[in-house]
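Novice: What follows is the file start_34.txt, containing compact mmCIF, C-alpha atoms:
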# COMPACT_ATOMS: atom_id res chain seq x y z
CA MET S 702 70.24 -5.49 65.82
CA TYR S 703 66.89 -4.83 67.51
CA GLU S 704 65.37 -6.82 70.37
CA VAL S 705 61.66 -7.43 70.65
CA GLN S 706 60.26 -8.87 73.87
CA PHE S 707 56.90 -10.62 74.21
CA HIS S 708 55.48 -10.73 77.76
CA PRO S 709 52.49 -13.07 78.17
CA ALA S 710 49.59 -11.96 80.40
CA ASP S 711 50.23 -14.97 82.59
CA ILE S 712 53.31 -14.08 84.66
CA ARG S 713 54.00 -17.76 85.13
CA LYS S 714 54.82 -18.10 81.46
CA GLN S 715 58.28 -17.36 80.11
CA VAL S 716 59.06 -14.09 78.34
CA ARG S 717 59.94 -14.53 74.68
CA TYR S 718 62.69 -12.61 72.93
CA PHE S 719 62.95 -11.86 69.23
CA PHE S 720 66.01 -10.32 67.62
CA LEU S 721 65.51 -8.48 64.30
CA PRO S 722 68.27 -7.17 62.08
CA ALA S 723 68.19 -3.46 61.32
CA VAL S 724 67.50 -4.13 57.65
CA VAL S 725 64.37 -6.12 58.44
CA VAL S 726 63.12 -3.42 60.79
CA ARG S 727 63.64 -0.80 58.15
CA TRP S 728 61.64 -2.91 55.64
CA ILE S 729 58.85 -3.37 58.14
CA VAL S 730 58.69 0.36 58.85
CA ALA S 731 58.75 1.15 55.12
CA GLY S 732 55.96 -1.35 54.50
CA MET S 733 53.86 0.17 57.26
CA ILE S 734 54.42 3.65 55.87
CA LEU S 735 53.50 2.44 52.36
CA ALA S 736 50.40 0.70 53.68
CA GLY S 737 49.41 3.89 55.45
CA LEU S 738 49.87 5.90 52.29
CA VAL S 739 47.77 3.41 50.34
CA ILE S 740 45.03 3.60 52.94
CA LEU S 741 45.11 7.40 52.89
CA ALA S 742 45.03 7.42 49.09
CA GLY S 743 42.09 5.00 49.11
CA LEU S 744 40.21 7.18 51.55
CA ALA S 745 40.91 10.22 49.38
CA LEU S 746 39.88 8.50 46.11
CA ALA S 747 36.89 6.61 47.49
CA PRO S 748 34.36 9.40 46.67
CA PHE S 749 35.60 9.45 43.07
CA GLY S 750 35.24 5.69 42.81
CA ILE S 751 31.72 5.81 44.18
CA ARG S 752 30.83 8.57 41.75
CA SER S 753 32.34 6.53 38.91
CA LEU S 754 30.21 3.55 39.86
CA LEU S 755 27.11 5.73 40.02
CA LEU S 756 27.98 7.33 36.69
CA ALA S 757 28.50 3.91 35.07
CA SER S 758 25.12 2.83 36.39
CA GLN S 759 23.50 5.98 35.01
CA VAL S 760 25.21 5.39 31.64
CA ARG S 761 23.80 1.86 31.51
CA VAL S 762 20.32 3.17 32.38
CA ALA S 763 20.61 5.89 29.72
CA ALA S 764 21.79 3.34 27.14
CA ASN S 765 18.84 1.07 27.92
CA GLN S 766 16.45 4.04 27.69
CA LYS S 767 17.98 5.08 24.37
CA LYS S 768 17.61 1.55 23.03
CA LEU S 769 13.98 1.46 24.18
CA GLN S 770 13.25 4.89 22.66
CA THR S 771 14.93 3.82 19.41
CA GLU S 772 12.76 0.70 19.25
CA ILE S 773 9.63 2.77 19.96
CA LEU S 774 10.65 5.30 17.29
CA ALA S 775 11.28 2.53 14.77
CA GLY S 776 7.83 1.10 15.52
CA LYS S 777 6.21 4.52 15.10
CA LEU S 778 8.07 5.08 11.83
CA GLU S 779 6.95 1.69 10.55
CA ARG S 780 3.37 2.55 11.47
CA LEU S 781 3.65 5.92 9.70
CA GLU S 782 4.94 4.19 6.57
CA GLU S 783 2.00 1.76 6.67
CA LEU S 784 -0.39 4.71 7.07
CA GLN S 785 1.30 6.34 4.09
CA LYS S 786 0.61 3.24 1.97
CA GLN S 787 -3.03 3.21 3.10
CA LEU S 788 -3.33 6.91 2.32
CA GLU S 789 -1.82 6.40 -1.14
CA ARG S 790 -4.37 3.65 -1.85
CA ALA S 791 -7.17 5.95 -0.68
CA GLU S 792 -5.83 8.79 -2.86
CA THR S 793 -5.69 6.48 -5.88
CA LEU S 794 -9.25 5.31 -5.25
CA GLY S 795 -10.44 8.91 -4.89
CA ARG S 796 -8.81 9.96 -8.16
CA GLN S 797 -10.21 6.85 -9.84
CA ILE S 798 -13.75 7.67 -8.72
CA ALA S 799 -13.33 11.28 -9.83
CA LEU S 800 -12.04 10.10 -13.21
CA ILE S 801 -14.87 7.68 -14.00
CA LEU S 802 -17.57 10.06 -12.73
CA GLY S 803 -16.11 13.08 -14.45
CA ALA S 804 -16.00 14.92 -11.11
CA PRO S 805 -13.47 17.72 -10.52
CA GLU S 806 -10.22 16.61 -8.95
CA ASP S 807 -8.12 18.41 -6.38
CA THR S 808 -4.60 19.56 -7.14
CA GLU S 809 -1.75 17.62 -5.64
CA PRO S 810 -1.28 18.49 -1.96
CA GLU S 811 1.72 20.58 -1.03
CA ASP S 812 4.57 18.71 0.59
CA HIS S 813 5.17 20.45 3.91
CA ASP S 814 8.66 19.47 5.03
CA ARG S 815 8.84 21.54 8.19
CA GLU S 816 11.89 21.29 10.43
CA GLU S 817 11.24 21.03 14.12
CA SER S 818 13.70 22.72 16.51
CA THR S 819 13.28 20.08 19.17
CA GLY S 820 16.09 17.86 20.35
CA MET S 821 14.47 14.88 18.67
CA ALA S 822 14.67 16.59 15.27
CA ALA S 823 18.45 16.41 15.44
CA HIS S 824 18.31 12.61 15.09
CA GLY S 825 17.94 11.09 11.63
CA GLU S 826 15.06 8.68 12.28
CA ALA S 827 13.17 11.23 14.36
CA ARG S 828 13.54 13.84 11.61
CA VAL S 829 12.28 11.35 9.02
CA ALA S 830 9.31 10.47 11.24
CA LEU S 831 8.43 14.15 11.78
CA ARG S 832 8.62 14.96 8.09
CA LEU S 833 6.53 11.92 7.22
CA ALA S 834 3.93 12.86 9.84
CA HIS S 835 3.66 16.42 8.44
CA ARG S 836 3.39 15.06 4.90
CA LEU S 837 0.64 12.63 5.88
CA ASP S 838 -1.21 15.43 7.64
CA ALA S 839 -1.19 17.60 4.51
CA ARG S 840 -2.19 14.73 2.21
CA SER S 841 -4.93 13.61 4.59
CA ALA S 842 -6.42 17.10 4.52
CA ALA S 843 -6.38 17.07 0.70
CA LEU S 844 -7.97 13.61 0.67
CA ILE S 845 -10.74 14.77 3.01
CA ARG S 846 -11.44 17.71 0.67
CA LEU S 847 -11.61 15.33 -2.31
CA ALA S 848 -13.93 12.98 -0.41
CA ASP S 849 -16.23 15.88 0.49
CA ARG S 850 -16.41 16.99 -3.15
CA LEU S 851 -17.08 13.46 -4.36
CA GLU S 852 -19.84 13.08 -1.76
CA ARG S 853 -21.49 16.31 -2.94
CA PHE S 854 -21.07 15.26 -6.57
CA ALA S 855 -22.61 11.84 -5.85
CA LYS S 856 -25.62 13.43 -4.12
CA GLU S 857 -26.13 15.79 -7.05
CA HIS S 858 -25.76 12.96 -9.63
CA GLN S 859 -27.37 9.96 -7.96
CA ASP S 860 -28.51 8.49 -11.27
CA LEU S 861 -24.91 8.64 -12.58
CA THR S 862 -23.50 6.78 -9.59
CA ARG S 863 -25.95 3.91 -10.21
CA ILE S 864 -25.23 3.49 -13.91
CA VAL S 865 -21.43 3.76 -13.83
CA PRO S 866 -19.97 0.26 -14.58
CA SER S 867 -17.89 0.20 -11.41
CA ILE S 868 -17.57 -3.45 -10.31
CA CYS S 869 -15.69 -6.46 -11.64
CA PRO S 870 -17.80 -8.49 -14.11
CA LEU S 871 -16.54 -11.77 -12.59
CA PRO S 872 -16.32 -12.96 -8.96
CA ILE S 873 -13.09 -11.74 -7.33
CA GLY S 874 -10.52 -14.52 -7.25
CA SER S 875 -12.09 -16.49 -10.10
CA PHE S 876 -10.12 -15.05 -13.04
CA VAL S 877 -6.71 -14.23 -14.46
CA LEU S 878 -6.03 -11.25 -16.71
CA THR S 879 -4.64 -12.74 -19.94
CA SER S 880 -4.84 -9.80 -22.34
CA PRO S 881 -4.97 -6.13 -21.25
CA PHE S 882 -6.45 -3.10 -22.97
CA GLY S 883 -4.45 -1.55 -25.81
CA GLU S 884 -2.09 -2.57 -28.59
CA ARG S 885 -1.24 -6.27 -28.78
CA THR S 886 -0.34 -9.07 -31.19
CA SER S 887 -3.48 -10.93 -32.20
CA PRO S 888 -3.34 -14.65 -31.26
CA PHE S 889 -5.21 -15.46 -34.51
CA THR S 890 -3.55 -13.23 -37.14
CA ASN S 891 -0.14 -12.62 -35.42
CA ARG S 892 -0.51 -8.96 -36.40
CA ARG S 893 -0.56 -5.89 -34.22
CA ASP S 894 -4.10 -4.71 -33.50
CA PHE S 895 -6.01 -2.71 -30.93
CA HIS S 896 -7.65 -4.68 -28.14
CA ALA S 897 -10.64 -2.60 -27.05
CA GLY S 898 -11.21 -4.45 -23.77
CA ILE S 899 -9.65 -6.93 -21.38
CA ASP S 900 -9.68 -10.73 -21.45
CA LEU S 901 -10.31 -12.50 -18.14
CA ALA S 902 -9.65 -16.24 -18.19
CA ALA S 903 -12.06 -18.19 -15.96
CA ARG S 904 -13.75 -21.56 -15.71
CA GLU S 905 -16.58 -22.14 -18.13
CA GLY S 906 -19.89 -21.47 -16.42
CA THR S 907 -18.52 -18.76 -14.08
CA PRO S 908 -21.30 -16.17 -13.59
CA VAL S 909 -20.94 -12.83 -15.36
CA TYR S 910 -22.31 -9.73 -13.58
CA ALA S 911 -23.76 -6.50 -14.89
CA THR S 912 -21.24 -3.89 -13.74
CA GLY S 913 -23.81 -1.08 -13.45
CA ASP S 914 -27.53 -0.41 -13.80
CA GLY S 915 -28.56 -0.44 -17.44
CA ARG S 916 -30.67 -1.81 -20.26
CA VAL S 917 -29.87 -4.79 -22.49
CA VAL S 918 -29.49 -3.56 -26.08
CA PHE S 919 -28.22 -6.86 -27.47
CA ALA S 920 -28.07 -10.47 -26.27
CA GLY S 921 -27.04 -13.43 -28.43
CA ARG S 922 -24.76 -14.04 -31.45
CA TYR S 923 -24.22 -11.16 -33.87
CA PRO S 924 -25.13 -12.16 -37.46
CA LEU S 925 -22.12 -13.09 -39.61
CA ARG S 926 -23.63 -11.46 -42.71
CA ARG S 927 -23.80 -8.10 -40.93
CA ASN S 928 -20.31 -7.86 -39.42
CA VAL S 929 -17.72 -10.60 -39.29
CA ARG S 930 -15.64 -8.89 -36.62
CA TRP S 931 -18.51 -8.74 -34.15
CA TRP S 932 -19.60 -12.26 -35.09
CA ARG S 933 -16.19 -13.43 -33.83
CA TYR S 934 -17.17 -12.38 -30.29
CA GLY S 935 -19.52 -15.35 -30.07
CA THR S 936 -22.45 -15.07 -27.69
CA LEU S 937 -22.40 -11.60 -26.19
CA VAL S 938 -24.43 -9.18 -24.09
CA VAL S 939 -24.32 -5.41 -24.58
CA LEU S 940 -25.67 -3.06 -21.89
CA ASP S 941 -26.49 0.62 -22.29
CA HIS S 942 -25.94 2.55 -19.06
CA GLY S 943 -27.99 5.74 -19.33
CA GLY S 944 -26.72 6.55 -22.81
CA ARG S 945 -23.30 7.54 -21.42
CA TYR S 946 -21.64 4.16 -21.02
CA LEU S 947 -21.89 0.84 -22.88
CA THR S 948 -20.44 -2.41 -21.61
CA ILE S 949 -19.79 -5.50 -23.73
CA TYR S 950 -19.51 -9.07 -22.41
CA ALA S 951 -18.31 -11.52 -25.08
CA HIS S 952 -17.52 -15.25 -25.65
CA LEU S 953 -20.31 -16.29 -23.25
CA SER S 954 -21.55 -19.85 -23.07
CA LYS S 955 -25.05 -18.41 -22.72
CA ALA S 956 -26.86 -15.12 -22.11
CA SER S 957 -29.27 -14.98 -19.18
CA VAL S 958 -31.00 -11.75 -20.29
CA HIS S 959 -32.89 -10.55 -23.34
CA ARG S 960 -33.00 -7.37 -25.40
CA GLY S 961 -34.85 -4.50 -23.70
CA GLN S 962 -34.51 -5.98 -20.19
CA LYS S 963 -33.44 -3.64 -17.38
CA VAL S 964 -30.69 -4.97 -15.12
CA HIS S 965 -29.06 -3.78 -11.92
CA ARG S 966 -25.43 -3.75 -10.84
CA GLY S 967 -24.38 -7.21 -9.66
CA GLU S 968 -27.15 -9.06 -11.49
CA VAL S 969 -26.10 -12.21 -13.40
CA ILE S 970 -26.41 -11.66 -17.16
CA GLY S 971 -24.62 -14.75 -18.48
CA GLU S 972 -21.86 -17.31 -18.00
CA VAL S 973 -18.24 -17.49 -19.11
CA GLY S 974 -17.83 -19.55 -22.26
CA ASN S 975 -15.60 -20.31 -25.22
CA THR S 976 -17.76 -19.21 -28.16
CA GLY S 977 -16.59 -17.31 -31.22
CA TRP S 978 -12.91 -16.69 -31.87
CA SER S 979 -11.60 -17.98 -28.56
CA THR S 980 -8.73 -20.28 -27.63
CA SER S 981 -10.00 -21.10 -24.11
CA PRO S 982 -12.87 -20.12 -21.76
CA HIS S 983 -12.67 -16.44 -20.92
CA LEU S 984 -14.64 -13.21 -20.78
CA HIS S 985 -13.89 -10.35 -23.15
CA TYR S 986 -15.10 -7.21 -21.33
CA GLU S 987 -15.29 -3.70 -22.77
CA VAL S 988 -16.35 -0.30 -21.46
CA ARG S 989 -17.16 2.43 -23.98
CA VAL S 990 -17.81 6.03 -22.99
CA ARG S 991 -19.89 8.45 -25.04
CA HIS S 992 -18.78 12.08 -24.97
CA GLY S 993 -21.68 14.29 -26.06
CA ASN S 994 -23.46 12.80 -29.07
CA GLY S 995 -20.37 11.14 -30.54
CA GLU S 996 -19.43 7.51 -30.98
CA PRO S 997 -18.78 5.69 -27.67
CA VAL S 998 -15.00 5.45 -27.26
CA PRO S 999 -13.32 2.39 -25.67
CA ALA S 1000 -11.74 3.02 -22.28
CA ASP S 1001 -9.58 0.73 -20.19
CA PRO S 1002 -12.14 -1.25 -18.14
CA ARG S 1003 -9.66 -1.62 -15.27
CA ILE S 1004 -10.05 2.09 -14.52
CA PHE S 1005 -13.76 1.61 -13.82
CA ILE S 1006 -13.45 -1.43 -11.55
CA LEU S 1007 -13.43 -0.19 -7.95
CA ASN S 1008 -13.61 -3.49 -6.07
CA TYR S 1009 -10.34 -4.93 -7.41
CA GLN S 1010 -6.79 -3.57 -7.29
CA TRP S 1011 -4.84 -4.13 -10.50
CA HIS S 1012 -1.05 -4.29 -10.77
CA GLY S 1013 0.35 -0.86 -11.65
CA HIS S 1014 -2.92 0.85 -10.75
CA GLU S 1015 -1.43 4.36 -10.51
CA LYS S 1016 0.10 4.09 -13.99
CA LEU S 1017 -3.26 2.97 -15.37
CA LEU S 1018 -4.89 6.13 -14.01
CA SER S 1019 -2.21 8.41 -15.46
CA ARG S 1020 -2.28 6.71 -18.85
CA SER S 1021 -6.08 6.79 -19.06
CA ARG S 1022 -6.18 10.44 -18.02
CA TRP S 1023 -3.79 11.67 -20.73
CA ALA S 1024 -3.85 9.05 -23.51
CA PRO S 1025 -5.36 10.16 -26.87
CA PRO S 1026 -8.48 8.34 -28.14
CA PRO S 1027 -7.44 5.04 -29.79
CA GLU S 1028 -8.40 3.81 -33.24
CA PHE S 1029 -11.19 1.28 -32.80
CA ASP S 1030 -14.05 -0.52 -34.50
CA PRO S 1031 -17.27 1.48 -34.12
CA LEU S 1032 -20.29 -0.20 -32.58
CA PRO S 1033 -22.88 -1.67 -34.97
CA ARG S 1034 -26.08 0.34 -35.19
CA LEU S 1035 -27.91 -2.62 -33.76
CA PHE S 1036 -26.20 -1.89 -30.40
CA THR S 1037 -27.07 1.81 -30.33
CA ARG S 1038 -30.69 1.83 -31.47
Please express what this file holds, its structure, as structure tokens.
Specialist:
Amino acid sequence: MYEVQFHPADIRKQVRYFFLPAVVVRWIVAGMILAGLVILAGLALAPFGIRSLLLASQVRVAANQKKLQTEILAGKLERLEELQKQLERAETLGRQIALILGAPEDTEPEDHDREESTGMAAHGEARVALRLAHRLDARSAALIRLADRLERFAKEHQDLTRIVPSICPLPIGSFVLTSPFGERTSPFTNRRDFHAGIDLAAREGTPVYATGDGRVVFAGRYPLRRNVRWWRYGTLVVLDHGGRYLTIYAHLSKASVHRGQKVHRGEVIGEVGNTGWSTSPHLHYEVRVRHGNGEPVPADPRIFILNYQWHGHEKLLSRSRWAPPPEFDPLPRLFTR
């Protein structure tokens, strides 16, 4: 048994006595020792705890920075992909111009897939972005070379650039392509035949434009007694562009020009109609190209139209570049005199 005395500061007050069993005292001493050990351990581990808190804070900051950098990288990659699409459209247009002018084309640019030894190159998206940037750089250089050659070619052949039938014969947004160039089933005979042009459905009265500078070699209805196939085209206008190209505009409601008249690109030469063998108002448009002194050969008119993007444009270019000359009806002498 242990005795504990409590003496108040005021001597007039009574002294208090507390008696504690030995077991309780031992528990109190053990508790004090344990509390002391805990305090000592806390003091010893406090620096580690502080460093852990600082490290956790730094990890959160690094995670936020990584997230921000990832978002920035994704935005840059998206922008690079958009630039790639724009570059592809520019490359297609450049090859198209070279094809219709007969200008020399550049070879395909080399694909430089260089690996960077930076830390960023170790990450998938960063590596993709770097490769794409290098590829765009190489293709841009090739496109600039092609543009320079086309500019020199255009300066050396200014007359050619004016006569090439290079615009859409109808206002953009006013038509629907209903029959493309090439083999098809005729809507009148249900037999396979060669369609030497394209059919553009439009409202009757829609203006029809000359697609290049030229001279009117025919305007009106071709005589039935001379050629039934050309009579079926109804009212038509035929333009000669410098002897190298001929364009044909058929099924017109009326012709606004006359034989021998000179016209300029964009000038109205007639209106969409439904004359001849036609199931609804539309324009049948052809482009024929003369190579040397031979018969003008039909070419896909979509290749020559620079102010409108057709579906599958790249395939059109490839097919027109390598396709053999089709079997077609030759032009009447009346058109070529």
Novice: Could you check which residues have any atom within 10 Å of (62.9, -9.7, 67.0), counting all atoms listed in the file with coordinates taken straight from the file, and then list them as a list in words?
Specialist: Met702, Tyr703, Glu704, Val705, Gln706, Phe707, Arg717, Tyr718, Phe719, Phe720, Leu721, Pro722, Ala723, Val725 and Val726 of chain S
Novice: Write to file, as a compact mmCIF listing (two decimals), in the frame of the given file, the residues of the selection just made, with C-alpha atoms.
Specialist:
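Below is the file that was written, selection35.txt:
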# COMPACT_ATOMS: atom_id res chain seq x y z
CA MET S 702 70.24 -5.49 65.82
CA TYR S 703 66.89 -4.83 67.51
CA GLU S 704 65.37 -6.82 70.37
CA VAL S 705 61.66 -7.43 70.65
CA GLN S 706 60.26 -8.87 73.87
CA PHE S 707 56.90 -10.62 74.21
CA ARG S 717 59.94 -14.53 74.68
CA TYR S 718 62.69 -12.61 72.93
CA PHE S 719 62.95 -11.86 69.23
CA PHE S 720 66.01 -10.32 67.62
CA LEU S 721 65.51 -8.48 64.30
CA PRO S 722 68.27 -7.17 62.08
CA ALA S 723 68.19 -3.46 61.32
CA VAL S 725 64.37 -6.12 58.44
CA VAL S 726 63.12 -3.42 60.79
Novice: Which of these, S:Gly743, S:Gly961, S:Pro748, S:Pro872, has the shortest distance to S:Gly906 once you count all atoms listed in the file?
Specialist: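 Nearest candidate to S:Gly906 out of S:Gly743, S:Gly961, S:Pro748, S:Pro872: S:Pro872.
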Novice: Mind running stretch 867-900 of chain S against stretch 949-955 of chain S at 12 Å and telling me each contacting residue's nearest atom pair with the distance in Å (one decimal), counting all atoms listed in the file, chain and number ascending, as a tab-separated table?
Specialist:
residue	atom	partner	partner_atom	distance
S:Cys869	CA	S:Tyr950	CA	11.7
S:Pro870	CA	S:Tyr950	CA	8.5
S:Leu871	CA	S:Tyr950	CA	10.6
S:Ala897	CA	S:Ile949	CA	10.2
S:Gly898	CA	S:Ile949	CA	8.6
S:Ile899	CA	S:Tyr950	CA	10.1
S:Asp900	CA	S:Ala951	CA	9.4
Novice: Mind giving me the straight-line distance from atom CA of S:Val988 to atom CA of S:Pro888 in Å, one decimal?
Specialist: 21.7 Å
Novice: Return the single residue from S:Arg916, S:Ile798, S:Asp1030, S:Ala911 that is closest to S:Asp894, with distances computed using only C-alpha atoms.
Specialist: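 Comparing S:Arg916, S:Ile798, S:Asp1030, S:Ala911 against S:Asp894, the winner is S:Asp1030.
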